[in-house]
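Participant: Okay, so here is entry-v6.pdb, and as you'll see once you scroll down, it has PDB, C-alpha atoms.
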ATOM      1  CA  MET V  33       7.097 -14.513 -73.188
ATOM      2  CA  VAL V  34       6.235 -16.939 -75.994
ATOM      3  CA  PHE V  35       3.176 -19.158 -75.460
ATOM      4  CA  TYR V  36       3.131 -20.869 -78.874
ATOM      5  CA  GLN V  37       5.237 -20.806 -82.010
ATOM      6  CA  ASP V  38       5.280 -22.608 -85.321
ATOM      7  CA  SER V  39       6.520 -21.651 -88.790
ATOM      8  CA  SER V  40       3.741 -19.122 -89.401
ATOM      9  CA  LEU V  41       2.275 -18.166 -85.997
ATOM     10  CA  LEU V  42       3.648 -16.702 -82.791
ATOM     11  CA  ILE V  43       1.539 -16.274 -79.624
ATOM     12  CA  ARG V  44       3.269 -13.944 -77.172
ATOM     13  CA  ASN V  45       2.604 -11.244 -74.610
ATOM     14  CA  MET V  46       0.997  -8.183 -76.115
ATOM     15  CA  GLU V  47       3.433  -5.312 -76.631
ATOM     16  CA  PRO V  48       2.789  -1.551 -76.932
ATOM     17  CA  ARG V  49       3.375  -1.612 -80.711
ATOM     18  CA  ASP V  50       0.474  -4.072 -81.104
ATOM     19  CA  ALA V  51      -2.105  -1.543 -79.906
ATOM     20  CA  GLN V  52      -1.926   0.591 -83.065
ATOM     21  CA  VAL V  53      -1.592  -2.392 -85.423
ATOM     22  CA  LEU V  54      -4.694  -4.081 -84.004
ATOM     23  CA  THR V  55      -6.678  -0.827 -83.861
ATOM     24  CA  ASP V  56      -5.849  -0.085 -87.501
ATOM     25  CA  GLY V  57      -6.759  -3.655 -88.481
ATOM     26  CA  GLU V  58     -10.129  -3.468 -86.748
ATOM     27  CA  ARG V  59     -10.907  -0.059 -88.281
ATOM     28  CA  ALA V  60      -9.998  -1.381 -91.745
ATOM     29  CA  GLN V  61     -12.676  -4.062 -91.375
ATOM     30  CA  GLY V  62     -15.304  -1.504 -90.383
ATOM     31  CA  TRP V  63     -15.247  -1.873 -86.600
ATOM     32  CA  ASP V  64     -15.528   1.098 -84.263
ATOM     33  CA  ALA V  65     -12.076   0.412 -82.805
ATOM     34  CA  ASP V  66     -10.421   2.475 -80.095
ATOM     35  CA  ILE V  67      -6.733   2.130 -79.243
ATOM     36  CA  GLY V  68      -7.683   2.827 -75.621
ATOM     37  CA  LYS V  69      -8.944  -0.739 -75.079
ATOM     38  CA  PHE V  70      -5.531  -2.159 -75.994
ATOM     39  CA  GLN V  71      -3.715   0.454 -73.935
ATOM     40  CA  LYS V  72      -5.889  -0.493 -70.935
ATOM     41  CA  ARG V  73      -5.014  -4.177 -71.371
ATOM     42  CA  LEU V  74      -1.315  -3.287 -71.546
ATOM     43  CA  ARG V  75      -1.565  -1.220 -68.331
ATOM     44  CA  ASP V  76      -3.449  -4.042 -66.612
ATOM     45  CA  GLN V  77      -0.760  -6.482 -67.746
ATOM     46  CA  GLU V  78       1.986  -4.195 -66.361
ATOM     47  CA  GLN V  79       0.133  -4.129 -63.021
ATOM     48  CA  GLY V  80      -0.164  -7.930 -62.938
ATOM     49  CA  LEU V  81      -3.962  -7.930 -63.246
ATOM     50  CA  CYS V  82      -3.962  -9.928 -66.462
ATOM     51  CA  VAL V  83      -1.908 -11.514 -69.167
ATOM     52  CA  SER V  84      -2.568 -10.025 -72.590
ATOM     53  CA  LEU V  85      -1.720 -12.241 -75.519
ATOM     54  CA  ALA V  86      -1.154 -11.287 -79.144
ATOM     55  CA  ALA V  87      -1.108 -13.583 -82.154
ATOM     56  CA  GLU V  88       1.542 -12.522 -84.669
ATOM     57  CA  VAL V  89       1.747 -13.475 -88.340
ATOM     58  CA  ASP V  90       4.470 -12.121 -90.628
ATOM     59  CA  GLY V  91       5.706  -9.716 -87.959
ATOM     60  CA  GLY V  92       2.346  -8.091 -87.212
ATOM     61  CA  ALA V  93      -0.351  -8.673 -84.594
ATOM     62  CA  VAL V  94      -3.542 -10.220 -86.015
ATOM     63  CA  GLY V  95      -5.371 -11.370 -82.875
ATOM     64  CA  TYR V  96      -5.561 -10.998 -79.121
ATOM     65  CA  VAL V  97      -7.051 -12.323 -75.896
ATOM     66  CA  ASN V  98      -6.670 -11.452 -72.222
ATOM     67  CA  VAL V  99      -6.824 -13.530 -69.053
ATOM     68  CA  TYR V 100      -7.802 -11.686 -65.867
ATOM     69  CA  PHE V 101      -6.962 -13.534 -62.655
ATOM     70  CA  ASP V 102      -9.124 -11.540 -60.232
ATOM     71  CA  PRO V 103     -12.010 -10.062 -62.273
ATOM     72  CA  ARG V 104     -13.906  -7.178 -60.700
ATOM     73  CA  THR V 105     -17.255  -7.544 -62.503
ATOM     74  CA  GLY V 106     -19.508 -10.362 -63.674
ATOM     75  CA  PRO V 107     -21.132 -13.361 -62.043
ATOM     76  CA  PHE V 108     -17.958 -14.920 -60.633
ATOM     77  CA  VAL V 109     -16.278 -12.051 -58.792
ATOM     78  CA  ASP V 110     -14.347 -13.445 -55.792
ATOM     79  CA  SER V 111     -14.709 -17.037 -57.063
ATOM     80  CA  GLY V 112     -11.016 -17.423 -57.807
ATOM     81  CA  TRP V 113     -11.898 -18.332 -61.382
ATOM     82  CA  PRO V 114      -9.977 -16.461 -64.108
ATOM     83  CA  GLU V 115     -11.937 -14.659 -66.811
ATOM     84  CA  ILE V 116     -11.103 -14.611 -70.512
ATOM     85  CA  VAL V 117     -11.779 -11.110 -71.804
ATOM     86  CA  ASP V 118     -11.825  -9.371 -75.182
ATOM     87  CA  PHE V 119     -10.923 -12.085 -77.703
ATOM     88  CA  GLY V 120     -10.554 -11.230 -81.366
ATOM     89  CA  VAL V 121      -8.902 -12.257 -84.619
ATOM     90  CA  LEU V 122      -8.847  -9.899 -87.595
ATOM     91  CA  GLU V 123     -11.269 -11.131 -90.258
ATOM     92  CA  ASN V 124      -8.602 -11.700 -92.939
ATOM     93  CA  TYR V 125      -6.843 -14.150 -90.594
ATOM     94  CA  ARG V 126      -9.813 -16.210 -89.475
ATOM     95  CA  ARG V 127     -10.288 -19.906 -90.258
ATOM     96  CA  ARG V 128      -6.544 -20.574 -89.937
ATOM     97  CA  GLY V 129      -6.579 -21.911 -86.374
ATOM     98  CA  ILE V 130      -5.261 -18.682 -84.867
ATOM     99  CA  GLY V 131      -8.250 -18.185 -82.575
ATOM    100  CA  GLY V 132      -7.990 -21.750 -81.335
ATOM    101  CA  LYS V 133      -4.292 -21.332 -80.541
ATOM    102  CA  LEU V 134      -5.013 -18.074 -78.691
ATOM    103  CA  MET V 135      -7.734 -19.779 -76.657
ATOM    104  CA  ASP V 136      -5.476 -22.782 -75.965
ATOM    105  CA  ALA V 137      -2.850 -20.435 -74.516
ATOM    106  CA  ALA V 138      -5.445 -18.469 -72.515
ATOM    107  CA  GLU V 139      -6.913 -21.653 -71.061
ATOM    108  CA  ARG V 140      -3.445 -22.939 -70.106
ATOM    109  CA  LEU V 141      -2.834 -19.676 -68.231
ATOM    110  CA  ALA V 142      -6.205 -19.959 -66.489
ATOM    111  CA  LYS V 143      -5.510 -23.595 -65.563
ATOM    112  CA  GLU V 144      -2.426 -22.452 -63.611
ATOM    113  CA  ARG V 145      -4.836 -20.772 -61.154
ATOM    114  CA  SER V 146      -8.084 -22.748 -61.297
ATOM    115  CA  ASP V 147      -9.872 -25.732 -62.783
ATOM    116  CA  THR V 148     -12.625 -23.419 -64.082
ATOM    117  CA  VAL V 149     -12.570 -20.437 -66.434
ATOM    118  CA  TRP V 150     -15.360 -18.125 -67.595
ATOM    119  CA  LEU V 151     -16.105 -15.477 -70.195
ATOM    120  CA  GLY V 152     -18.894 -13.263 -71.469
ATOM    121  CA  VAL V 153     -19.972 -13.308 -75.097
ATOM    122  CA  GLY V 154     -22.074 -10.726 -76.872
ATOM    123  CA  LEU V 155     -25.411 -11.819 -78.263
ATOM    124  CA  HIS V 156     -25.690  -9.908 -81.538
ATOM    125  CA  SER V 157     -24.689 -11.470 -84.853
ATOM    126  CA  GLY V 158     -21.243  -9.854 -84.795
ATOM    127  CA  TYR V 159     -20.335 -12.372 -82.103
ATOM    128  CA  GLY V 160     -21.696 -15.371 -84.014
ATOM    129  CA  SER V 161     -18.348 -16.983 -84.836
ATOM    130  CA  ALA V 162     -17.138 -16.534 -81.244
ATOM    131  CA  GLN V 163     -20.388 -18.014 -79.888
ATOM    132  CA  ARG V 164     -19.941 -21.130 -82.050
ATOM    133  CA  MET V 165     -16.273 -21.482 -81.140
ATOM    134  CA  TYR V 166     -16.928 -21.251 -77.390
ATOM    135  CA  VAL V 167     -19.627 -23.943 -77.532
ATOM    136  CA  LYS V 168     -17.346 -26.222 -79.572
ATOM    137  CA  ARG V 169     -14.626 -25.706 -76.936
ATOM    138  CA  GLY V 170     -16.969 -26.858 -74.157
ATOM    139  CA  TYR V 171     -18.196 -23.570 -72.678
ATOM    140  CA  VAL V 172     -21.752 -23.662 -71.318
ATOM    141  CA  PRO V 173     -24.089 -20.932 -70.026
ATOM    142  CA  ASP V 174     -23.586 -20.267 -66.324
ATOM    143  CA  GLY V 175     -27.324 -20.081 -65.567
ATOM    144  CA  SER V 176     -27.421 -16.433 -64.457
ATOM    145  CA  GLY V 177     -29.305 -15.358 -67.586
ATOM    146  CA  VAL V 178     -28.553 -12.465 -69.873
ATOM    147  CA  TRP V 179     -26.567  -9.518 -68.530
ATOM    148  CA  TYR V 180     -26.854  -5.952 -69.765
ATOM    149  CA  GLN V 181     -24.346  -3.256 -68.910
ATOM    150  CA  ASP V 182     -22.713  -5.387 -66.184
ATOM    151  CA  ARG V 183     -25.961  -6.352 -64.418
ATOM    152  CA  VAL V 184     -28.384  -9.238 -64.714
ATOM    153  CA  CYS V 185     -31.163  -8.205 -67.083
ATOM    154  CA  ALA V 186     -34.488  -8.779 -65.340
ATOM    155  CA  PRO V 187     -36.996 -10.974 -67.163
ATOM    156  CA  TYR V 188     -38.830  -8.785 -69.672
ATOM    157  CA  GLY V 189     -36.549  -5.895 -68.625
ATOM    158  CA  PRO V 190     -35.280  -3.293 -71.062
ATOM    159  CA  CYS V 191     -32.038  -3.871 -72.925
ATOM    160  CA  CYS V 192     -30.444  -3.157 -76.280
ATOM    161  CA  ASN V 193     -28.783  -5.751 -78.506
ATOM    162  CA  ASP V 194     -25.456  -3.937 -78.383
ATOM    163  CA  ASP V 195     -22.019  -4.916 -77.027
ATOM    164  CA  GLY V 196     -23.349  -4.536 -73.478
ATOM    165  CA  LEU V 197     -25.754  -7.488 -73.831
ATOM    166  CA  VAL V 198     -23.869 -10.667 -72.895
ATOM    167  CA  LEU V 199     -24.272 -14.244 -71.807
ATOM    168  CA  TYR V 200     -21.688 -15.657 -69.402
ATOM    169  CA  LEU V 201     -20.234 -19.080 -70.109
ATOM    170  CA  VAL V 202     -18.078 -21.388 -67.966
ATOM    171  CA  LYS V 203     -15.740 -24.271 -68.730
ATOM    172  CA  THR V 204     -14.133 -26.868 -66.521
ATOM    173  CA  LEU V 205     -10.512 -27.200 -67.556
TER     174      LEU V 205
END
Take the structure in this file and express it as structure tokens.
Facilitator:
Amino acid sequence: MVFYQDSSLLIRNMEPRDAQVLTDGERAQGWDADIGKFQKRLRDQEQGLCVSLAAEVDGGAVGYVNVYFDPRTGPFVDSGWPEIVDFGVLENYRRRGIGGKLMDAAERLAKERSDTVWLGVGLHSGYGSAQRMYVKRGYVPDGSGVWYQDRVCAPYGPCCNDDGLVLYLVKTL
């Protein structure tokens, strides 16, 4: 299914061929990428748990985002609010509006189910551009504090500033 298209950008459902293209792209920019994360999203999409979107430029995937309709972890389990999960645009394609178009499509999908959507964002500097984008799009902290490895991190509790340290944000659509 096509969610957006103009002369240079196509936003569509993720396809199996995208998994290797995106993994290779992330590895080329120095990320510790694993094709397994994309394969999991594709399986979840096949099972109806999520919609996985890919942004395509010149015939190749350059970005992705996923919308889960009944998330199983995080602060809003059983709320009925969809969760936006695992958003990314390859560095060479940033600052072209691709991320915004991906998020627009993800939010439209979420809006079909709820007037509220949520997401978790990492806290280390690698997530800096995503943090700024989410705030500009109207996402605000949910008030549950910082989470580490899928649990609320107790005040003054131990944690590591890795991908497991996140802040959850919500947005009214």
Participant: Any chance you could resolve the PyMOL selection byres ((chain V and resi 113) around 8) against this file and give the residues as a list in words?
Facilitator: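 After applying the PyMOL selection byres ((chain V and resi 113) around 8), what remains is Phe101, Asp102, Phe108, Asp110, Ser111, Gly112, Pro114, Glu115, Ala142, Arg145, Ser146, Asp147, Thr148, Val149 and Trp150 of chain V.
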Participant: Can you pull out every residue within 12 Å of V:Phe35, counting only C-alpha atoms, but drop anything in the same chain fewer than 2 positions away, and send it as a ChimeraX atom specification?
Facilitator: /V:33,37-38,41-46,83-88,133-141
Participant: Can you pull out the residues contacting V:Ser40? Cut-off 10 Å, using all atoms listed in the file, and skip same-chain residues under 6 positions away; I want them as a PyMOL selection string.
Facilitator: chain V and resi 88-91
Participant: Contacts of stretch 190-199 of chain V at 7 Å or less, counting all atoms listed in the file, minus same-chain residues fewer than 6 places along, as a PyMOL selection string?
Facilitator: chain V and resi 152-156+173+177-181
Participant: Enclose the full set of atoms of stretch 56-65 of chain V listed in the file within a box whose edges lie along x, y and z, apply 8 Å of padding to each of the six sides, and report centre and edge lengths in Å to one decimal as JSON.
Facilitator:
{"center_x": -10.7, "center_y": -1.5, "center_z": -87.3, "size_x": 25.7, "size_y": 21.2, "size_z": 24.9}
Participant: If the PyMOL selection byres ((chain V and resi 54) around 10) is run on the structure shown, which residues does it catch, given as a PyMOL selection string?
Facilitator: chain V and resi 49-53+55-60+65-67+70+86+92-96+120-122
Participant: Figure out the distance between atom CA of V:Val117 and atom CA of V:Asp182, please, to one decimal in Å.
Facilitator: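 Going from atom CA of V:Asp182 over to atom CA of V:Val117 covers 13.6 Å.
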Participant: Name the closest residue to V:Ala162 among the candidates V:Gly175, V:Leu74, V:Gly132, V:Cys185; distances are taken between atoms, counting all atoms listed in the file.
Facilitator: V:Gly132
Participant: Can you tell me which residues surround V:Tyr171 at a distance of at most 8 Å, considering only C-alpha atoms, apart from same-chain residues fewer than 3 positions away, and format the answer as a list of chain:residue names?
Facilitator: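 Returned residues: V:Trp150, V:Tyr166, V:Val167, V:Lys168, V:Leu201, V:Val202, V:Lys203.
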Participant: Enter the distance from atom CA of V:Thr105 to atom CA of V:Ser161, in Å, rounded to one decimal.
Facilitator: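 According to the coordinates, atom CA of V:Thr105 and atom CA of V:Ser161 are separated by 24.3 Å.
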Participant: Between atom CA of V:Pro103 and atom CA of V:Gly158, what is the spacing in Å?
Facilitator: 24.3 Å
